[in-house]
Amino acid sequence: MASRADRARRDRPTMVVRHHPDLPDPRLIREIQAGMEEEGVPFRTDQAHDDHGRLGAHGGEAAALAYAAAQASALDVGVGVDARGTICVHHAKLPPAAPALTGPASAARVLGHNAARIVVGLPLRPLPAPALPIPVNGDLAMPGRLSLDQARVLLDTALAKADAIGVPINVAVADDGGHLLAFARQDGAILASVDIAIRKARTAVLLRMTTDELGKAAAVGGPLYGIEGTNGGLVVFGGGIPLFTPAGDLLGAIGVSGGTVEQDITIAQAGADHLGATATFPQRARA
């Protein structure tokens, strides 16, 4: 018969880690678990299956696995790992397509730490710097790149929208690494908003979500409370929007600051919508 202590451990609320059956390296799961163990938060691990439709229409993508894990967790936090080794941390109260954190296999232990820290409300640990692209059949397996011409389209569209609204703005465009690609400051724009616009674009890249969505998750009592103090300073109010190709590859982001939050969102969205409707995007090299 199980002891009272054994029953208590068994019945404790746990986080859930759900992974694709075809992992690139089984040690990924152990690294995630090690991060959780070091934070003292219990977990359980499930393997998604191809049969009975458990992988579903999403095909076992990390974000979808993480969202399902969060829904199954009594602690509202779940981790998903897909067949490429991409790791997502999700919270049950976030939108399905907007995981709290996303990272590569090299960040497995840190993501395990951060999943646990979301549960207990501690500041998140910074993710390690991304590794250089790995050659695949002689080509670099890199996401589509945002060109300077495309960045100029974003600037021009945002500036035209700002003129139409009647508010001078600062607008920044970042590449897929969060580095500044293009910037413009209209006459009369608030000087303090220069840095804010740049940080909005960088934040949207690092979190792969809008700064408006991040702000809701980072509010007091939210799953990402305190995240603005990580990564050298993040912005947790609207005006930063990530940019993706139709295939879902991250291109970069646009950040706008100078008006009200609602005006900044409207102007940034105008640039993002125009780019999405007019641009031809490069494709990721595949094996």
# chains A, B, ... in the order shown; residues from 1 in each chain; ligands from 1
>>> select_by_dssp(residues="range 53-209 of chain A", states="strand (DSSP E)", output="MDAnalysis selection string")
chainID A and resid 77:81 87:91 101:103 135:136 139:140 170:175 180:185
>>> write_last_selection(atoms="C-alpha atoms", output="PDB file, in the first residue's frame")
ATOM      1  CA  VAL A  77       1.361  25.747 -17.842  1.00  0.00           C
ATOM      2  CA  GLY A  78       2.512  23.271 -20.461  1.00  0.00           C
ATOM      3  CA  VAL A  79       5.519  22.607 -22.669  1.00  0.00           C
ATOM      4  CA  GLY A  80       5.453  21.243 -26.211  1.00  0.00           C
ATOM      5  CA  VAL A  81       8.328  19.826 -28.253  1.00  0.00           C
ATOM      6  CA  ILE A  87      10.202  24.036 -27.741  1.00  0.00           C
ATOM      7  CA  CYS A  88       7.216  26.163 -26.713  1.00  0.00           C
ATOM      8  CA  VAL A  89       5.979  27.086 -23.254  1.00  0.00           C
ATOM      9  CA  HIS A  90       2.274  27.915 -23.138  1.00  0.00           C
ATOM     10  CA  HIS A  91      -0.257  29.124 -20.605  1.00  0.00           C
ATOM     11  CA  LEU A 101       7.955  31.403 -24.885  1.00  0.00           C
ATOM     12  CA  THR A 102       9.548  29.705 -27.874  1.00  0.00           C
ATOM     13  CA  GLY A 103      13.108  28.495 -28.200  1.00  0.00           C
ATOM     14  CA  PRO A 135      24.093  24.097 -43.441  1.00  0.00           C
ATOM     15  CA  VAL A 136      21.463  21.798 -44.970  1.00  0.00           C
ATOM     16  CA  ASP A 139      22.282  25.775 -48.149  1.00  0.00           C
ATOM     17  CA  LEU A 140      21.631  27.743 -44.985  1.00  0.00           C
ATOM     18  CA  ASN A 170       8.749  57.116 -34.407  1.00  0.00           C
ATOM     19  CA  VAL A 171       8.721  53.857 -36.364  1.00  0.00           C
ATOM     20  CA  ALA A 172      11.304  51.063 -36.258  1.00  0.00           C
ATOM     21  CA  VAL A 173      11.682  47.897 -38.303  1.00  0.00           C
ATOM     22  CA  ALA A 174      13.733  45.014 -36.892  1.00  0.00           C
ATOM     23  CA  ASP A 175      15.018  41.905 -38.656  1.00  0.00           C
ATOM     24  CA  LEU A 180      17.345  47.434 -36.143  1.00  0.00           C
ATOM     25  CA  LEU A 181      16.956  47.431 -39.942  1.00  0.00           C
ATOM     26  CA  ALA A 182      15.258  50.778 -40.609  1.00  0.00           C
ATOM     27  CA  PHE A 183      13.999  53.723 -38.586  1.00  0.00           C
ATOM     28  CA  ALA A 184      12.212  57.037 -39.121  1.00  0.00           C
ATOM     29  CA  ARG A 185      11.243  59.890 -36.802  1.00  0.00           C
TER      30      ARG A 185
END
>>> residues_around(residues="range 249-260 of chain A", least_positions_apart="5", cutoff="8 Å", atoms="only C-alpha atoms", output="ChimeraX atom specification")
/A:143-146,154,167-178,189-190,193-194,196-202,204-205,208,239-244,265,267-268,271-272,284
>>> write_last_selection(atoms="C-alpha atoms", output="PDB file, in the first residue's frame")
ATOM      1  CA  PRO A 143      14.044  31.960 -42.267  1.00  0.00           C
ATOM      2  CA  GLY A 144      12.939  34.388 -44.935  1.00  0.00           C
ATOM      3  CA  ARG A 145      14.819  37.658 -44.636  1.00  0.00           C
ATOM      4  CA  LEU A 146      13.161  41.043 -44.511  1.00  0.00           C
ATOM      5  CA  LEU A 154       6.748  49.387 -43.847  1.00  0.00           C
ATOM      6  CA  VAL A 167       0.040  62.194 -34.853  1.00  0.00           C
ATOM      7  CA  PRO A 168       3.843  62.351 -35.348  1.00  0.00           C
ATOM      8  CA  ILE A 169       5.519  59.035 -34.637  1.00  0.00           C
ATOM      9  CA  ASN A 170       8.749  57.116 -34.407  1.00  0.00           C
ATOM     10  CA  VAL A 171       8.721  53.857 -36.364  1.00  0.00           C
ATOM     11  CA  ALA A 172      11.304  51.063 -36.258  1.00  0.00           C
ATOM     12  CA  VAL A 173      11.682  47.897 -38.303  1.00  0.00           C
ATOM     13  CA  ALA A 174      13.733  45.014 -36.892  1.00  0.00           C
ATOM     14  CA  ASP A 175      15.018  41.905 -38.656  1.00  0.00           C
ATOM     15  CA  ASP A 176      14.375  38.330 -37.522  1.00  0.00           C
ATOM     16  CA  GLY A 177      17.133  38.609 -34.915  1.00  0.00           C
ATOM     17  CA  GLY A 178      15.644  41.730 -33.355  1.00  0.00           C
ATOM     18  CA  ALA A 189       7.642  63.094 -32.596  1.00  0.00           C
ATOM     19  CA  ILE A 190       8.324  62.528 -28.891  1.00  0.00           C
ATOM     20  CA  SER A 193       9.602  57.315 -28.061  1.00  0.00           C
ATOM     21  CA  VAL A 194      12.674  56.716 -30.240  1.00  0.00           C
ATOM     22  CA  ILE A 196      10.408  52.746 -27.189  1.00  0.00           C
ATOM     23  CA  ALA A 197       9.679  52.154 -30.884  1.00  0.00           C
ATOM     24  CA  ILE A 198      12.939  50.234 -31.324  1.00  0.00           C
ATOM     25  CA  ARG A 199      12.277  48.158 -28.211  1.00  0.00           C
ATOM     26  CA  LYS A 200       8.721  47.400 -29.336  1.00  0.00           C
ATOM     27  CA  ALA A 201      10.029  45.929 -32.578  1.00  0.00           C
ATOM     28  CA  ARG A 202      12.709  43.933 -30.748  1.00  0.00           C
ATOM     29  CA  ALA A 204       7.805  41.484 -30.875  1.00  0.00           C
ATOM     30  CA  VAL A 205      10.638  39.498 -32.492  1.00  0.00           C
ATOM     31  CA  ARG A 208       6.954  36.233 -31.555  1.00  0.00           C
ATOM     32  CA  GLY A 239       2.589  49.106 -30.946  1.00  0.00           C
ATOM     33  CA  GLY A 240       4.963  46.223 -31.729  1.00  0.00           C
ATOM     34  CA  ILE A 241       3.851  43.614 -34.287  1.00  0.00           C
ATOM     35  CA  PRO A 242       5.856  40.572 -35.505  1.00  0.00           C
ATOM     36  CA  LEU A 243       5.939  39.887 -39.242  1.00  0.00           C
ATOM     37  CA  PHE A 244       5.653  36.370 -40.674  1.00  0.00           C
ATOM     38  CA  ILE A 265      -1.290  49.791 -32.770  1.00  0.00           C
ATOM     39  CA  ILE A 267      -0.327  52.632 -37.398  1.00  0.00           C
ATOM     40  CA  ALA A 268       1.849  49.546 -36.914  1.00  0.00           C
ATOM     41  CA  GLY A 271       2.285  48.798 -42.149  1.00  0.00           C
ATOM     42  CA  ALA A 272       2.090  45.074 -41.389  1.00  0.00           C
ATOM     43  CA  ARG A 284      13.071  28.773 -45.998  1.00  0.00           C
TER      44      ARG A 284
END
>>> closest_residue(among="A:Pro126, A:Pro99, A:Pro42, A:Gly35", to="Gly233 in chain A", atoms="only C-alpha atoms")
A:Pro126
>>> atom_distance(atom1="CA of Asp76 in chain A", atom2="CA of Ala92 in chain A")
5.0 Å
>>> residues_around(residues="Glu37 in chain A", least_positions_apart="4", cutoff="12 Å", atoms="only C-alpha atoms", output="MDAnalysis selection string")
chainID A and resid 14:15 30:33 41:44 109:110 112:117
>>> write_last_selection(atoms="all heavy atoms", output="compact mmCIF listing (two decimals), in the first residue's frame")
# COMPACT_ATOMS: atom_id res chain seq x y z
N THR A 14 0.55 19.21 -11.37
CA THR A 14 1.78 19.15 -12.15
C THR A 14 1.66 19.97 -13.43
O THR A 14 0.58 20.20 -13.96
CB THR A 14 2.10 17.70 -12.55
OG1 THR A 14 1.02 17.18 -13.34
CG2 THR A 14 2.31 16.83 -11.33
N MET A 15 2.83 20.41 -13.92
CA MET A 15 2.92 20.88 -15.28
C MET A 15 2.92 19.67 -16.21
O MET A 15 3.21 18.55 -15.77
CB MET A 15 4.20 21.69 -15.50
CG MET A 15 4.20 23.05 -14.86
SD MET A 15 5.62 24.02 -15.38
CE MET A 15 6.97 23.08 -14.67
N ARG A 30 14.76 15.34 -21.18
CA ARG A 30 15.45 15.28 -19.90
C ARG A 30 15.98 16.65 -19.50
O ARG A 30 15.97 17.03 -18.33
CB ARG A 30 16.60 14.26 -19.98
CG ARG A 30 17.34 14.09 -18.68
CD ARG A 30 16.43 13.61 -17.56
NE ARG A 30 17.01 13.86 -16.24
CZ ARG A 30 16.33 14.29 -15.22
NH1 ARG A 30 15.04 14.55 -15.33
NH2 ARG A 30 16.92 14.48 -14.05
N GLU A 31 16.46 17.43 -20.48
CA GLU A 31 16.95 18.77 -20.18
C GLU A 31 15.81 19.68 -19.68
O GLU A 31 15.98 20.44 -18.74
CB GLU A 31 17.60 19.38 -21.43
CG GLU A 31 18.99 18.87 -21.71
CD GLU A 31 19.98 19.29 -20.64
OE1 GLU A 31 20.23 20.50 -20.50
OE2 GLU A 31 20.48 18.41 -19.92
N ILE A 32 14.65 19.59 -20.34
CA ILE A 32 13.49 20.38 -19.89
C ILE A 32 13.10 19.97 -18.47
O ILE A 32 12.87 20.83 -17.61
CB ILE A 32 12.31 20.18 -20.85
CG1 ILE A 32 12.65 20.74 -22.24
CG2 ILE A 32 11.04 20.83 -20.31
CD1 ILE A 32 11.66 20.35 -23.31
N GLN A 33 13.05 18.68 -18.24
CA GLN A 33 12.69 18.18 -16.91
C GLN A 33 13.70 18.64 -15.86
O GLN A 33 13.32 18.99 -14.74
CB GLN A 33 12.62 16.66 -16.94
CG GLN A 33 11.47 16.11 -17.77
CD GLN A 33 11.55 14.61 -17.93
OE1 GLN A 33 12.63 14.01 -17.78
NE2 GLN A 33 10.43 13.98 -18.25
N VAL A 41 9.33 22.48 -9.23
CA VAL A 41 7.93 22.39 -9.68
C VAL A 41 7.70 21.02 -10.29
O VAL A 41 8.45 20.60 -11.18
CB VAL A 41 7.61 23.51 -10.69
CG1 VAL A 41 6.19 23.35 -11.22
CG2 VAL A 41 7.78 24.87 -10.04
N PRO A 42 6.67 20.29 -9.85
CA PRO A 42 6.43 18.94 -10.38
C PRO A 42 5.90 18.96 -11.81
O PRO A 42 5.30 19.94 -12.26
CB PRO A 42 5.38 18.37 -9.41
CG PRO A 42 4.68 19.56 -8.88
CD PRO A 42 5.70 20.66 -8.82
N PHE A 43 6.11 17.86 -12.51
CA PHE A 43 5.71 17.77 -13.90
C PHE A 43 5.38 16.31 -14.23
O PHE A 43 5.72 15.39 -13.49
CB PHE A 43 6.84 18.25 -14.82
CG PHE A 43 8.11 17.47 -14.64
CD1 PHE A 43 8.34 16.28 -15.32
CD2 PHE A 43 9.08 17.91 -13.75
CE1 PHE A 43 9.49 15.56 -15.12
CE2 PHE A 43 10.24 17.19 -13.54
CZ PHE A 43 10.44 16.01 -14.24
N ARG A 44 4.71 16.14 -15.37
CA ARG A 44 4.56 14.82 -15.96
C ARG A 44 4.75 14.96 -17.46
O ARG A 44 4.56 16.04 -18.02
CB ARG A 44 3.21 14.19 -15.63
CG ARG A 44 2.00 14.93 -16.16
CD ARG A 44 0.71 14.22 -15.73
NE ARG A 44 -0.48 14.97 -16.08
CZ ARG A 44 -1.10 14.89 -17.26
NH1 ARG A 44 -0.61 14.10 -18.20
NH2 ARG A 44 -2.18 15.61 -17.50
N ARG A 109 16.98 23.49 -21.25
CA ARG A 109 16.99 23.57 -19.79
C ARG A 109 16.46 24.92 -19.30
O ARG A 109 15.70 24.98 -18.34
CB ARG A 109 18.39 23.33 -19.23
CG ARG A 109 18.40 23.24 -17.69
CD ARG A 109 19.76 22.86 -17.15
NE ARG A 109 20.10 21.49 -17.48
CZ ARG A 109 20.48 20.57 -16.58
NH1 ARG A 109 20.53 20.87 -15.30
NH2 ARG A 109 20.81 19.36 -16.97
N VAL A 110 16.86 26.01 -19.98
CA VAL A 110 16.38 27.33 -19.58
C VAL A 110 14.87 27.43 -19.76
O VAL A 110 14.17 28.01 -18.92
CB VAL A 110 17.09 28.43 -20.40
CG1 VAL A 110 16.51 29.80 -20.08
CG2 VAL A 110 18.58 28.42 -20.12
N GLY A 112 12.81 24.96 -19.52
CA GLY A 112 12.26 24.21 -18.39
C GLY A 112 12.22 25.05 -17.13
O GLY A 112 11.22 25.06 -16.39
N HIS A 113 13.32 25.78 -16.87
CA HIS A 113 13.34 26.72 -15.74
C HIS A 113 12.21 27.74 -15.87
O HIS A 113 11.47 27.99 -14.91
CB HIS A 113 14.68 27.46 -15.71
CG HIS A 113 15.79 26.73 -15.04
ND1 HIS A 113 15.86 26.57 -13.68
CD2 HIS A 113 16.88 26.10 -15.55
CE1 HIS A 113 16.96 25.88 -13.37
NE2 HIS A 113 17.59 25.58 -14.48
N ASN A 114 12.08 28.33 -17.06
CA ASN A 114 11.12 29.41 -17.22
C ASN A 114 9.68 28.93 -17.15
O ASN A 114 8.80 29.65 -16.67
CB ASN A 114 11.38 30.14 -18.53
CG ASN A 114 12.59 31.05 -18.44
OD1 ASN A 114 13.05 31.38 -17.35
ND2 ASN A 114 13.13 31.45 -19.57
N ALA A 115 9.40 27.72 -17.64
CA ALA A 115 8.06 27.17 -17.48
C ALA A 115 7.69 27.08 -16.01
O ALA A 115 6.59 27.46 -15.58
CB ALA A 115 7.98 25.79 -18.15
N ALA A 116 8.64 26.58 -15.20
CA ALA A 116 8.40 26.48 -13.76
C ALA A 116 8.29 27.86 -13.12
O ALA A 116 7.48 28.08 -12.21
CB ALA A 116 9.53 25.68 -13.11
N ARG A 117 9.08 28.81 -13.60
CA ARG A 117 9.06 30.15 -13.01
C ARG A 117 7.76 30.89 -13.32
O ARG A 117 7.31 31.73 -12.54
CB ARG A 117 10.27 30.95 -13.50
CG ARG A 117 11.55 30.52 -12.80
CD ARG A 117 12.79 31.17 -13.36
NE ARG A 117 13.91 30.89 -12.45
CZ ARG A 117 14.62 31.81 -11.81
NH1 ARG A 117 14.35 33.09 -11.99
NH2 ARG A 117 15.58 31.46 -10.99
>>> atom_distance(atom1="CA of Ile165 in chain A", atom2="CA of Asp273 in chain A")
16.8 Å
>>> closest_residue(among="A:Ala63, A:Ala160, A:Pro95, A:Thr203", to="Ile227 in chain A", atoms="only C-alpha atoms")
A:Thr203
>>> select_by_dssp(residues="range 27-234 of chain A", states="alpha helix (DSSP H)", output="ChimeraX atom specification")
/A:27-39,62-72,108-120,148-165,193-207,211-217
>>> closest_residue(among="A:Leu65, A:Leu28, A:Ala107, A:Ala100", to="Lys216 in chain A", atoms="only C-alpha atoms")
A:Ala100
>>> atom_distance(atom1="CA of Asp46 in chain A", atom2="CA of Arg18 in chain A")
4.7 Å
>>> residues_around(residues="Lys93 in chain A", least_positions_apart="4", cutoff="10 Å", atoms="only C-alpha atoms", output="PyMOL selection string")
chain A and resi 67+70-71+76-77+217+222-223
>>> decode(residues="range 91-176 of chain A", atoms="C-alpha atoms", output="compact mmCIF listing (two decimals), in the first residue's frame")
# COMPACT_ATOMS: atom_id res chain seq x y z
CA HIS A 91 -0.26 29.12 -20.60
CA ALA A 92 -3.86 27.98 -20.65
CA LYS A 93 -5.15 31.58 -20.67
CA LEU A 94 -3.11 32.69 -23.70
CA PRO A 95 -4.39 32.42 -27.31
CA PRO A 96 -3.51 29.02 -28.85
CA ALA A 97 -1.24 30.54 -31.51
CA ALA A 98 0.63 32.81 -29.05
CA PRO A 99 2.80 30.70 -26.72
CA ALA A 100 4.45 32.43 -23.80
CA LEU A 101 7.96 31.40 -24.88
CA THR A 102 9.55 29.70 -27.87
CA GLY A 103 13.11 28.50 -28.20
CA PRO A 104 15.45 26.01 -29.87
CA ALA A 105 16.74 22.71 -28.52
CA SER A 106 19.85 24.48 -27.22
CA ALA A 107 17.65 26.40 -24.74
CA ALA A 108 15.84 23.31 -23.40
CA ARG A 109 16.99 23.57 -19.79
CA VAL A 110 16.38 27.33 -19.58
CA LEU A 111 12.90 26.87 -21.03
CA GLY A 112 12.26 24.21 -18.39
CA HIS A 113 13.34 26.72 -15.74
CA ASN A 114 11.12 29.41 -17.22
CA ALA A 115 8.06 27.17 -17.48
CA ALA A 116 8.40 26.48 -13.76
CA ARG A 117 9.06 30.15 -13.01
CA ILE A 118 5.82 31.15 -14.73
CA VAL A 119 4.03 28.80 -12.31
CA VAL A 120 5.66 30.22 -9.19
CA GLY A 121 5.79 33.85 -10.37
CA LEU A 122 9.57 34.32 -10.48
CA PRO A 123 11.40 36.48 -13.07
CA LEU A 124 12.27 34.57 -16.22
CA ARG A 125 15.81 33.62 -17.12
CA PRO A 126 17.17 35.04 -20.42
CA LEU A 127 17.40 32.56 -23.27
CA PRO A 128 20.86 31.82 -24.67
CA ALA A 129 21.89 33.61 -27.85
CA PRO A 130 20.68 31.77 -30.96
CA ALA A 131 23.16 29.53 -32.71
CA LEU A 132 24.35 30.27 -36.23
CA PRO A 133 22.33 28.63 -39.04
CA ILE A 134 23.29 25.02 -39.81
CA PRO A 135 24.09 24.10 -43.44
CA VAL A 136 21.46 21.80 -44.97
CA ASN A 137 22.51 20.20 -48.28
CA GLY A 138 24.87 23.09 -48.88
CA ASP A 139 22.28 25.78 -48.15
CA LEU A 140 21.63 27.74 -44.99
CA ALA A 141 18.38 26.72 -43.30
CA MET A 142 17.43 30.28 -42.46
CA PRO A 143 14.04 31.96 -42.27
CA GLY A 144 12.94 34.39 -44.93
CA ARG A 145 14.82 37.66 -44.64
CA LEU A 146 13.16 41.04 -44.51
CA SER A 147 14.84 43.16 -47.19
CA LEU A 148 15.67 46.83 -46.85
CA ASP A 149 13.15 47.61 -49.61
CA GLN A 150 10.43 45.82 -47.65
CA ALA A 151 11.46 47.69 -44.51
CA ARG A 152 11.11 50.97 -46.40
CA VAL A 153 7.60 49.95 -47.50
CA LEU A 154 6.75 49.39 -43.85
CA LEU A 155 8.14 52.79 -42.87
CA ASP A 156 6.38 54.64 -45.69
CA THR A 157 3.02 52.97 -44.99
CA ALA A 158 3.24 53.63 -41.25
CA LEU A 159 4.26 57.27 -41.80
CA ALA A 160 1.38 57.80 -44.22
CA LYS A 161 -1.07 56.34 -41.70
CA ALA A 162 0.35 58.57 -38.97
CA ASP A 163 -0.14 61.61 -41.21
CA ALA A 164 -3.74 60.56 -41.84
CA ILE A 165 -4.37 60.24 -38.10
CA GLY A 166 -2.52 63.47 -37.37
CA VAL A 167 0.04 62.19 -34.85
CA PRO A 168 3.84 62.35 -35.35
CA ILE A 169 5.52 59.04 -34.64
CA ASN A 170 8.75 57.12 -34.41
CA VAL A 171 8.72 53.86 -36.36
CA ALA A 172 11.30 51.06 -36.26
CA VAL A 173 11.68 47.90 -38.30
CA ALA A 174 13.73 45.01 -36.89
CA ASP A 175 15.02 41.91 -38.66
CA ASP A 176 14.37 38.33 -37.52
